[in-house]
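Notes to accompany the following structure.
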Amino acid sequence: MKSKLSWFAAPYVVWMALMVVIPILIMVVYAFTAADAADFEGTLENFSEMGSYASVFLRSFRLALVATLVCLLIGYPVSYWMAHEGPGFQRVAMALIMLPMWMNFLLRTYSWMSILENNGLLNQLFRAIGLTWLLGVDYIPMIGTSGAVVLGMVYNYLPFMVLPIYSVIIKLDHSLLEAARDLGADDQRVFRKVILPLSLPGVLSGVTMVFVPSVSTFAISRLLGGGTQIMLGDLIEQQFLGGAYNPHLGAAISMVMMVIVVVCMAVMNHFGEGEEQAVML
Amino acid sequence: MSKELIRLADCTMAFDEDIVLDKINLRIQDKEFLTLLGPSGCGKTTTLRIIGGFQTPTSGDVLFDGVRINAVPPHKRTINTVFQKYALFPHLNVYENIAFGLRIPKADAKGGKVKLPEEEIDRRVTEMLEVVNLKGFEKRRITQLSGGQQQRVAIARALVNQPKVLLLDEPLGALDLKLRKDMQNELKRIQKAMEITFVYVTHDQEEALAMSDTVVVMDAGRIQQIGSPEDIYNEPQNAFVADFIGESNIIDGIMRADGVVEIFNRRFQCLDGGFEKDEAVDVVIRPEDVDIVPEDQGQLKGTVTSVTFKGMQYDIIVDFYGFKWLIQTTDLSPVGSRIGIKIDPDGIHVMKKSEYSGMFGDYSSYSEEYEEISSADPDGEGSGDEE
C-alpha cells in the first residue's frame, strides 16, 4: 500500500473478494462438474447439453441488440438536443429522464403489463377509437411478444444510454466545432467528422450499460414476454430456482454468457480506443 | 501598391446592452500583416471573430474584396483561423488534422462538388509540414505534441487551405518567452513566403511592434490609432496609446507657438505644430529620450528618488516639482542626487487632449505601476475573457 489512506479501500476490497471473485470461482467449479459426480470430477457435459438452448441464446442476444439499437437511435438525438439547449432546459430534461429510475424497476415493468395486456389500457383505447373493429379483431396482441420485451428493455435502460452520451457531448470543446466550420465544414460535416467521433466514448459506455443488463434480464422477459419469450436470464433462473433444477448447467450457461459479453465489450472498446484517448485530453 | 481586401464599415457589436465594438472602421490591405493590439476586453477578439464569420455585427458592414459578407457563414469564407488554444482535433493525427479542410468537397463552377484527389492532398499536407518544420510528425497524435508543435499544426491546418486571409487569435499566448520569439520570426517568415494577409490579435505591444506592417491600437471598443509600428511608437495619438505602447512620461503642457511647448513654466523646442495658440496639450517624453546632465546645465532640475537596475540600463525615477518621471540611463545616478535633464526637440511629442488625459504617464506610484507592467504576463490576462 502506497499511502495510509489506501487502507480505507480495504472494506471494499474484502467485499469484492467475497461477493464477486469467490462467487465467480464457485460458478466456474459448478460449470465444470456434474451433480452426480462423486468427487469433483471435471466434465464438459454441462456445455454439450447447452446446444439445445441455442435458440434461447440467439433470442437473448437478438432482443438485447435490438433494444440497444433502439436506445441508441432514441438516446443519441435526445442527448444531442439536450446538450444544445439552455441549462434550465437541461435540468428539467435530466429530472424527467431520471424520474422513472427513482421507482422500483419491477413496479414499472408491472405497470407496462397492465398497459399492454389484451384487456389492458392500450387495447381499451384501441377499442374506444374503433381500431380493433377496423381490423376485425377483439384485441391487438402485444403482451407476450418480443416487441413487448424490447419495449420493456428500452423503457428501463434508455436513461443509461442518454446519460453517458449527454455528458460527453456537453463537454465537447466548442472551439473544435468552430475550427471545423472555419476549415470549410458545413453543419452536417461538423457533426459527422467532429461531434460524432468525439462522442463515441459516450456511445460505447451507453451501449455497454444497456446491452449487458438487457441480455441477462429475466424479469422483463418473464413479465412482458408472458413465458413465450424465454431469455438467458430466465433459463438460468430455472436451473437454480425453477423446476428444471440443475445448478451445474445454470453455472455453465452463466459462464458462457459472461464470456460472450466480455468478448463483445473488449472488441467494442478496442474500436473505441482512439476516441477514448481523445476524451482524456 | 496594394489593394484593400477587407473593410469594416461602422461595425458595432453589442451583446444585450453591452457595447463591445463601437462603430469600428478598418481597412485591411492585401498581403499585409495587421495587428489588433489592446488590453483584454478592448474588442480585438470580437473584431477578429466578425472577420472570421463567427459573429455578425449588430450594425455596420463587413466587406471582403468589395462584397458585403455579413451573412456569409465561416465555412464559406476564404478565411482561416488559428485559434487561441489551437482547437486541434484530438481524434485525428497530425496529418489528418492538416488534411481536414482539404478533404471537404468544394463547389465547382457548375455548382457540383469536387473532391481533391488523394495525391493532391498528400502533396499539400507534406509541403505544409515542411513549411512549419514538422516533417516526420504525420502519424503523431495531437496529445503527443508540445505546445509549440501544436501551434505549428494549427498554423499548417489553416494555411494548407490557401486562404486569402489568416486570422490569428493570440496564437503565441500559451508559449514560453523563448518559443514566442522563435515563433514570431517563423510567422513573419511564413507570411512573407506565402504572401497571405495576416490579421493578428495580441495584447503584447512588443510582439505587435516586431511583427506588423500595420498596428491597430484598440481600447474600450474603439480604435485609438492605426499606423505603422514606428508611427504608433513615435507619434502616439493620445495618452492611452502612448502609455500602452512602451513607457511614457505624459505631462500637461501648453502650446505657445508651432514648435514651442511649455512644460513646468519652461519652454521647450519641439517638432509638432498645428495647434491653437496656448492650447492645453499632453506632452509625451519617452524615458530613453532624456539626457542626464549636471544640475546647472539642465533644462529641468530634479531629485532621483528610485533606481532599478534592468541589465541594459538603469530605470530611475526623478522628481521634478512633484511630478515623477521615468528615465532610462546607462549612467548610475544614486538615489537622492540632484540632476539636470535635457530633451532634444525630436524627443518631445505633443498630443491633443483626450478622454485619456491625466490617466497615464505619471510615475508617482511607480512601484505599483511597475508591478503591473511586469506581471502583465502573456497568458494571464487578455486570454479568453473577451469572448
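Residues in the C-alpha cells are numbered from 1 in each chain, the chains being A, B, ... in the order shown, and ligands are numbered from 1 in the order shown.
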| Residue list for chain B near chain A as a PyMOL selection string, 7 Å, only C-alpha atoms | chain B and resi 74-76+80-81+87-91+101+104
| said: Let's see if you can do this: from backbone DSSP, list all alpha helix (DSSP H) residues in stretch 75-232 of chain A, as a ChimeraX atom specification. | reply: /A:75-83,87-98,105-116,121-128,131-135,146-170,174-182,187-190,196-215,219-225,232
Please provide the set of residues having any atom within 10 Å of B:Met359, restricted to only C-alpha atoms, with same-chain residues fewer than 6 positions apart removed, written as an mmCIF file with N, CA and C atoms, in the first residue's frame.
```cif
data_model
loop_
_atom_site.group_PDB
_atom_site.id
_atom_site.type_symbol
_atom_site.label_atom_id
_atom_site.label_comp_id
_atom_site.auth_asym_id
_atom_site.auth_seq_id
_atom_site.Cartn_x
_atom_site.Cartn_y
_atom_site.Cartn_z
ATOM 1 N N ALA B 239 -3.007 59.744 -24.959
ATOM 2 C CA ALA B 239 -2.287 59.241 -23.792
ATOM 3 C C ALA B 239 -2.405 57.734 -23.653
ATOM 4 N N PHE B 240 -3.563 57.191 -24.096
ATOM 5 C CA PHE B 240 -3.719 55.746 -23.980
ATOM 6 C C PHE B 240 -2.678 55.019 -24.822
ATOM 7 N N ASP B 243 0.827 55.355 -23.527
ATOM 8 C CA ASP B 243 1.090 54.561 -22.335
ATOM 9 C C ASP B 243 1.118 53.074 -22.648
ATOM 10 N N ILE B 250 3.962 61.339 -19.420
ATOM 11 C CA ILE B 250 2.961 62.190 -20.073
ATOM 12 C C ILE B 250 2.674 63.381 -19.158
#
```
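Using only C-alpha atoms, the nearest neighbour of B:Lys178 within the list B:Gly148, B:Gly53, B:Gly340, B:Gly322 is B:Gly148.
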Test item, strand (DSSP E or B) assignment across stretch 213-301 of chain B, answer as an mmCIF file with N, CA, C and O atoms, in the first residue's frame:
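Written output follows (result-v3.cif):
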```cif
data_model
loop_
_atom_site.group_PDB
_atom_site.id
_atom_site.type_symbol
_atom_site.label_atom_id
_atom_site.label_comp_id
_atom_site.auth_asym_id
_atom_site.auth_seq_id
_atom_site.Cartn_x
_atom_site.Cartn_y
_atom_site.Cartn_z
ATOM 1 N N THR B 214 1.087 46.983 -40.057
ATOM 2 C CA THR B 214 0.157 47.965 -39.530
ATOM 3 C C THR B 214 -0.290 47.530 -38.141
ATOM 4 O O THR B 214 -0.582 46.352 -37.937
ATOM 5 N N VAL B 215 -0.311 48.465 -37.220
ATOM 6 C CA VAL B 215 -0.798 48.169 -35.877
ATOM 7 C C VAL B 215 -2.080 48.962 -35.655
ATOM 8 O O VAL B 215 -2.154 50.146 -35.977
ATOM 9 N N VAL B 216 -3.097 48.259 -35.142
ATOM 10 C CA VAL B 216 -4.350 48.921 -34.797
ATOM 11 C C VAL B 216 -4.484 48.849 -33.286
ATOM 12 O O VAL B 216 -4.636 47.770 -32.728
ATOM 13 N N VAL B 217 -4.373 50.005 -32.631
ATOM 14 C CA VAL B 217 -4.464 50.006 -31.176
ATOM 15 C C VAL B 217 -5.916 50.223 -30.789
ATOM 16 O O VAL B 217 -6.563 51.160 -31.272
ATOM 17 N N MET B 218 -6.433 49.317 -29.955
ATOM 18 C CA MET B 218 -7.837 49.410 -29.571
ATOM 19 C C MET B 218 -7.980 49.534 -28.074
ATOM 20 O O MET B 218 -7.165 49.025 -27.310
ATOM 21 N N ASP B 219 -9.035 50.235 -27.668
ATOM 22 C CA ASP B 219 -9.409 50.254 -26.262
ATOM 23 C C ASP B 219 -10.892 50.558 -26.176
ATOM 24 O O ASP B 219 -11.412 51.355 -26.962
ATOM 25 N N ARG B 222 -13.156 50.826 -29.213
ATOM 26 C CA ARG B 222 -12.876 51.817 -30.257
ATOM 27 C C ARG B 222 -11.434 51.702 -30.711
ATOM 28 O O ARG B 222 -10.556 51.296 -29.956
ATOM 29 N N ILE B 223 -11.222 52.088 -31.964
ATOM 30 C CA ILE B 223 -9.857 52.126 -32.478
ATOM 31 C C ILE B 223 -9.224 53.432 -32.016
ATOM 32 O O ILE B 223 -9.773 54.511 -32.241
ATOM 33 N N GLN B 224 -8.085 53.344 -31.354
ATOM 34 C CA GLN B 224 -7.426 54.537 -30.855
ATOM 35 C C GLN B 224 -6.443 55.092 -31.878
ATOM 36 O O GLN B 224 -6.256 56.293 -31.981
ATOM 37 N N GLN B 225 -5.798 54.194 -32.599
ATOM 38 C CA GLN B 225 -4.838 54.649 -33.600
ATOM 39 C C GLN B 225 -4.532 53.524 -34.564
ATOM 40 O O GLN B 225 -4.475 52.353 -34.182
ATOM 41 N N ILE B 226 -4.353 53.877 -35.828
ATOM 42 C CA ILE B 226 -3.917 52.918 -36.834
ATOM 43 C C ILE B 226 -2.645 53.472 -37.449
ATOM 44 O O ILE B 226 -2.603 54.650 -37.812
ATOM 45 N N GLY B 227 -1.610 52.653 -37.539
ATOM 46 C CA GLY B 227 -0.390 53.165 -38.154
ATOM 47 C C GLY B 227 0.689 52.115 -38.188
ATOM 48 O O GLY B 227 0.515 50.992 -37.705
ATOM 49 N N ASN B 249 6.452 59.198 -20.207
ATOM 50 C CA ASN B 249 6.105 60.251 -19.262
ATOM 51 C C ASN B 249 5.119 61.161 -19.984
ATOM 52 O O ASN B 249 5.411 61.640 -21.084
ATOM 53 N N ILE B 250 3.962 61.339 -19.420
ATOM 54 C CA ILE B 250 2.961 62.190 -20.073
ATOM 55 C C ILE B 250 2.674 63.381 -19.158
ATOM 56 O O ILE B 250 2.247 63.213 -18.010
ATOM 57 N N ILE B 251 2.978 64.555 -19.674
ATOM 58 C CA ILE B 251 2.958 65.762 -18.842
ATOM 59 C C ILE B 251 1.988 66.770 -19.463
ATOM 60 O O ILE B 251 1.853 66.837 -20.686
ATOM 61 N N ASP B 252 1.312 67.533 -18.608
ATOM 62 C CA ASP B 252 0.481 68.623 -19.125
ATOM 63 C C ASP B 252 1.377 69.715 -19.681
ATOM 64 O O ASP B 252 2.383 70.082 -19.064
ATOM 65 N N GLY B 253 1.010 70.232 -20.853
ATOM 66 C CA GLY B 253 1.790 71.321 -21.436
ATOM 67 C C GLY B 253 0.874 72.336 -22.079
ATOM 68 O O GLY B 253 -0.341 72.117 -22.187
ATOM 69 N N ILE B 254 1.478 73.435 -22.475
ATOM 70 C CA ILE B 254 0.718 74.453 -23.202
ATOM 71 C C ILE B 254 1.492 74.775 -24.470
ATOM 72 O O ILE B 254 2.698 75.026 -24.440
ATOM 73 N N MET B 255 0.799 74.736 -25.607
ATOM 74 C CA MET B 255 1.428 75.008 -26.881
ATOM 75 C C MET B 255 1.495 76.528 -27.061
ATOM 76 O O MET B 255 0.479 77.188 -27.257
ATOM 77 N N ARG B 256 2.700 77.066 -26.966
ATOM 78 C CA ARG B 256 2.813 78.526 -27.057
ATOM 79 C C ARG B 256 2.868 78.994 -28.504
ATOM 80 O O ARG B 256 2.423 80.075 -28.831
ATOM 81 N N ALA B 257 3.442 78.195 -29.364
ATOM 82 C CA ALA B 257 3.510 78.506 -30.791
ATOM 83 C C ALA B 257 3.881 77.215 -31.493
ATOM 84 O O ALA B 257 4.204 76.218 -30.828
ATOM 85 N N VAL B 260 6.971 75.219 -30.197
ATOM 86 C CA VAL B 260 7.329 75.642 -28.842
ATOM 87 C C VAL B 260 6.253 75.176 -27.862
ATOM 88 O O VAL B 260 5.084 75.525 -27.996
ATOM 89 N N VAL B 261 6.670 74.333 -26.921
ATOM 90 C CA VAL B 261 5.719 73.857 -25.925
ATOM 91 C C VAL B 261 6.239 74.190 -24.538
ATOM 92 O O VAL B 261 7.444 74.148 -24.283
ATOM 93 N N GLU B 262 5.332 74.566 -23.657
ATOM 94 C CA GLU B 262 5.739 74.966 -22.313
ATOM 95 C C GLU B 262 5.387 73.868 -21.317
ATOM 96 O O GLU B 262 4.245 73.397 -21.259
ATOM 97 N N ILE B 263 6.404 73.393 -20.601
ATOM 98 C CA ILE B 263 6.190 72.408 -19.541
ATOM 99 C C ILE B 263 6.809 72.963 -18.271
ATOM 100 O O ILE B 263 7.951 73.454 -18.300
ATOM 101 N N ARG B 266 8.530 76.183 -18.392
ATOM 102 C CA ARG B 266 9.729 76.355 -19.186
ATOM 103 C C ARG B 266 9.405 75.994 -20.625
ATOM 104 O O ARG B 266 8.617 75.088 -20.868
ATOM 105 N N ARG B 267 10.006 76.726 -21.539
ATOM 106 C CA ARG B 267 9.689 76.478 -22.950
ATOM 107 C C ARG B 267 10.676 75.480 -23.542
ATOM 108 O O ARG B 267 11.873 75.569 -23.285
ATOM 109 N N PHE B 268 10.132 74.562 -24.283
ATOM 110 C CA PHE B 268 10.966 73.560 -24.954
ATOM 111 C C PHE B 268 10.731 73.634 -26.451
ATOM 112 O O PHE B 268 9.628 73.907 -26.908
ATOM 113 N N GLN B 269 11.807 73.367 -27.196
ATOM 114 C CA GLN B 269 11.676 73.244 -28.640
ATOM 115 C C GLN B 269 11.075 71.873 -28.959
ATOM 116 O O GLN B 269 11.439 70.868 -28.342
ATOM 117 N N GLU B 279 -2.971 76.380 -26.587
ATOM 118 C CA GLU B 279 -3.834 75.214 -26.375
ATOM 119 C C GLU B 279 -3.203 74.285 -25.333
ATOM 120 O O GLU B 279 -1.993 74.049 -25.351
ATOM 121 N N ALA B 280 -4.041 73.794 -24.428
ATOM 122 C CA ALA B 280 -3.553 72.810 -23.450
ATOM 123 C C ALA B 280 -3.361 71.477 -24.159
ATOM 124 O O ALA B 280 -4.216 71.046 -24.932
ATOM 125 N N VAL B 281 -2.210 70.844 -23.929
ATOM 126 C CA VAL B 281 -1.899 69.599 -24.639
ATOM 127 C C VAL B 281 -1.298 68.577 -23.677
ATOM 128 O O VAL B 281 -0.949 68.894 -22.531
ATOM 129 N N ASP B 282 -1.230 67.322 -24.157
ATOM 130 C CA ASP B 282 -0.474 66.287 -23.453
ATOM 131 C C ASP B 282 0.888 66.172 -24.128
ATOM 132 O O ASP B 282 0.967 66.124 -25.355
ATOM 133 N N VAL B 283 1.940 66.119 -23.329
ATOM 134 C CA VAL B 283 3.277 66.000 -23.893
ATOM 135 C C VAL B 283 3.856 64.644 -23.496
ATOM 136 O O VAL B 283 3.846 64.277 -22.325
ATOM 137 N N VAL B 284 4.319 63.897 -24.505
ATOM 138 C CA VAL B 284 4.908 62.577 -24.249
ATOM 139 C C VAL B 284 6.418 62.682 -24.354
ATOM 140 O O VAL B 284 6.943 63.206 -25.331
ATOM 141 N N ILE B 285 7.086 62.201 -23.318
ATOM 142 C CA ILE B 285 8.537 62.123 -23.391
ATOM 143 C C ILE B 285 8.941 60.699 -23.032
ATOM 144 O O ILE B 285 8.659 60.214 -21.926
ATOM 145 N N VAL B 290 15.592 61.119 -22.777
ATOM 146 C CA VAL B 290 16.012 62.150 -21.822
ATOM 147 C C VAL B 290 17.508 62.012 -21.556
ATOM 148 O O VAL B 290 17.983 60.914 -21.258
ATOM 149 N N ASP B 291 18.249 63.121 -21.732
ATOM 150 C CA ASP B 291 19.684 63.100 -21.424
ATOM 151 C C ASP B 291 19.914 63.670 -20.039
ATOM 152 O O ASP B 291 19.370 64.726 -19.697
ATOM 153 N N ILE B 292 20.730 62.966 -19.265
ATOM 154 C CA ILE B 292 21.049 63.462 -17.923
ATOM 155 C C ILE B 292 22.318 64.318 -17.997
ATOM 156 O O ILE B 292 23.310 63.913 -18.605
ATOM 157 N N VAL B 293 22.236 65.508 -17.425
ATOM 158 C CA VAL B 293 23.383 66.431 -17.449
ATOM 159 C C VAL B 293 23.587 66.962 -16.030
ATOM 160 O O VAL B 293 22.710 66.781 -15.179
ATOM 161 N N LEU B 300 15.606 71.163 -16.930
ATOM 162 C CA LEU B 300 14.818 70.935 -15.723
ATOM 163 C C LEU B 300 15.747 70.322 -14.699
ATOM 164 O O LEU B 300 16.695 69.636 -15.040
ATOM 165 N N LYS B 301 15.453 70.562 -13.403
ATOM 166 C CA LYS B 301 16.278 70.002 -12.347
ATOM 167 C C LYS B 301 15.395 69.164 -11.433
ATOM 168 O O LYS B 301 14.274 69.568 -11.108
#
```
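Between atom CA of B:Lys192 and atom CA of B:Asp30 the interatomic distance comes to 12.1 Å.
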| request: Identify, on the basis of only C-alpha atoms, every residue whose closest approach to A:Asn46 does not exceed 10 Å; exclude the query and any residue fewer than 4 positions from it along the same chain; express the result as JSON, numbers by chain. | output: {"A": [30, 31, 32, 33, 34, 50, 51, 246, 247, 248, 249, 250, 251, 252, 253]}
| message | List as a PyMOL selection string the protein and nucleic acid residues near stretch 13-15 of chain B, meaning an atom at most 9 Å away when only C-alpha atoms are counted, but skip any in the same chain fewer than 6 places from it. | response | chain B and resi 21-23+43+46-47+55-60+221
Take the residues from that selection and write them out as a PDB file, in the first residue's frame, keeping N, CA, C and O atoms.
```pdb
ATOM      1  N   LEU B  21     -18.056  46.656 -29.454  1.00  0.00           N
ATOM      2  CA  LEU B  21     -17.393  47.390 -30.522  1.00  0.00           C
ATOM      3  C   LEU B  21     -18.254  48.597 -30.857  1.00  0.00           C
ATOM      4  O   LEU B  21     -19.466  48.470 -30.998  1.00  0.00           O
ATOM      5  N   ASP B  22     -17.611  49.756 -31.000  1.00  0.00           N
ATOM      6  CA  ASP B  22     -18.369  50.979 -31.196  1.00  0.00           C
ATOM      7  C   ASP B  22     -17.974  51.613 -32.534  1.00  0.00           C
ATOM      8  O   ASP B  22     -16.983  52.315 -32.621  1.00  0.00           O
ATOM      9  N   LYS B  23     -18.742  51.306 -33.559  1.00  0.00           N
ATOM     10  CA  LYS B  23     -18.537  51.906 -34.886  1.00  0.00           C
ATOM     11  C   LYS B  23     -17.086  51.847 -35.350  1.00  0.00           C
ATOM     12  O   LYS B  23     -16.423  52.866 -35.566  1.00  0.00           O
ATOM     13  N   GLY B  43     -12.053  44.607 -27.406  1.00  0.00           N
ATOM     14  CA  GLY B  43     -12.847  44.318 -28.603  1.00  0.00           C
ATOM     15  C   GLY B  43     -12.035  43.734 -29.742  1.00  0.00           C
ATOM     16  O   GLY B  43     -12.561  43.504 -30.823  1.00  0.00           O
ATOM     17  N   THR B  46     -13.286  40.215 -30.689  1.00  0.00           N
ATOM     18  CA  THR B  46     -14.589  40.340 -31.341  1.00  0.00           C
ATOM     19  C   THR B  46     -14.425  40.787 -32.793  1.00  0.00           C
ATOM     20  O   THR B  46     -15.075  40.260 -33.694  1.00  0.00           O
ATOM     21  N   THR B  47     -13.530  41.744 -33.000  1.00  0.00           N
ATOM     22  CA  THR B  47     -13.264  42.200 -34.370  1.00  0.00           C
ATOM     23  C   THR B  47     -12.805  41.031 -35.234  1.00  0.00           C
ATOM     24  O   THR B  47     -13.281  40.837 -36.352  1.00  0.00           O
ATOM     25  N   GLN B  55     -19.146  35.815 -35.635  1.00  0.00           N
ATOM     26  CA  GLN B  55     -20.099  36.753 -35.074  1.00  0.00           C
ATOM     27  C   GLN B  55     -20.535  37.715 -36.163  1.00  0.00           C
ATOM     28  O   GLN B  55     -19.748  38.067 -37.032  1.00  0.00           O
ATOM     29  N   THR B  56     -21.817  38.088 -36.101  1.00  0.00           N
ATOM     30  CA  THR B  56     -22.339  39.044 -37.067  1.00  0.00           C
ATOM     31  C   THR B  56     -22.501  40.370 -36.353  1.00  0.00           C
ATOM     32  O   THR B  56     -23.096  40.411 -35.276  1.00  0.00           O
ATOM     33  N   PRO B  57     -21.953  41.436 -36.920  1.00  0.00           N
ATOM     34  CA  PRO B  57     -22.050  42.717 -36.225  1.00  0.00           C
ATOM     35  C   PRO B  57     -23.504  43.156 -36.060  1.00  0.00           C
ATOM     36  O   PRO B  57     -24.345  42.862 -36.920  1.00  0.00           O
ATOM     37  N   THR B  58     -23.772  43.817 -34.951  1.00  0.00           N
ATOM     38  CA  THR B  58     -25.121  44.303 -34.685  1.00  0.00           C
ATOM     39  C   THR B  58     -25.534  45.316 -35.757  1.00  0.00           C
ATOM     40  O   THR B  58     -26.668  45.334 -36.199  1.00  0.00           O
ATOM     41  N   SER B  59     -24.574  46.150 -36.132  1.00  0.00           N
ATOM     42  CA  SER B  59     -24.836  47.042 -37.260  1.00  0.00           C
ATOM     43  C   SER B  59     -23.521  47.303 -37.973  1.00  0.00           C
ATOM     44  O   SER B  59     -22.453  47.038 -37.428  1.00  0.00           O
ATOM     45  N   GLY B  60     -23.604  47.803 -39.180  1.00  0.00           N
ATOM     46  CA  GLY B  60     -22.400  48.044 -39.965  1.00  0.00           C
ATOM     47  C   GLY B  60     -22.166  46.944 -40.970  1.00  0.00           C
ATOM     48  O   GLY B  60     -22.844  45.921 -40.961  1.00  0.00           O
ATOM     49  N   GLY B 221     -13.566  49.186 -27.082  1.00  0.00           N
ATOM     50  CA  GLY B 221     -14.422  49.011 -28.249  1.00  0.00           C
ATOM     51  C   GLY B 221     -14.187  50.014 -29.356  1.00  0.00           C
ATOM     52  O   GLY B 221     -14.951  50.067 -30.309  1.00  0.00           O
TER      53      GLY B 221
END
```
| message | Please list as number ranges by chain every residue within 12 Å of A:Leu73, counting only C-alpha atoms and excluding residues in the same chain fewer than 6 positions away. | response | A: 66-67, 79-80, 154, 158, 161-162, 165, 203, 206-207
| query | So which residues touch B:Tyr233 within 10 Å, counting only C-alpha atoms, skipping near sequence neighbours fewer than 4 positions away, as a VMD selection string? | reply | chain B and resid 205 209 227 to 229 237 241 to 247 286
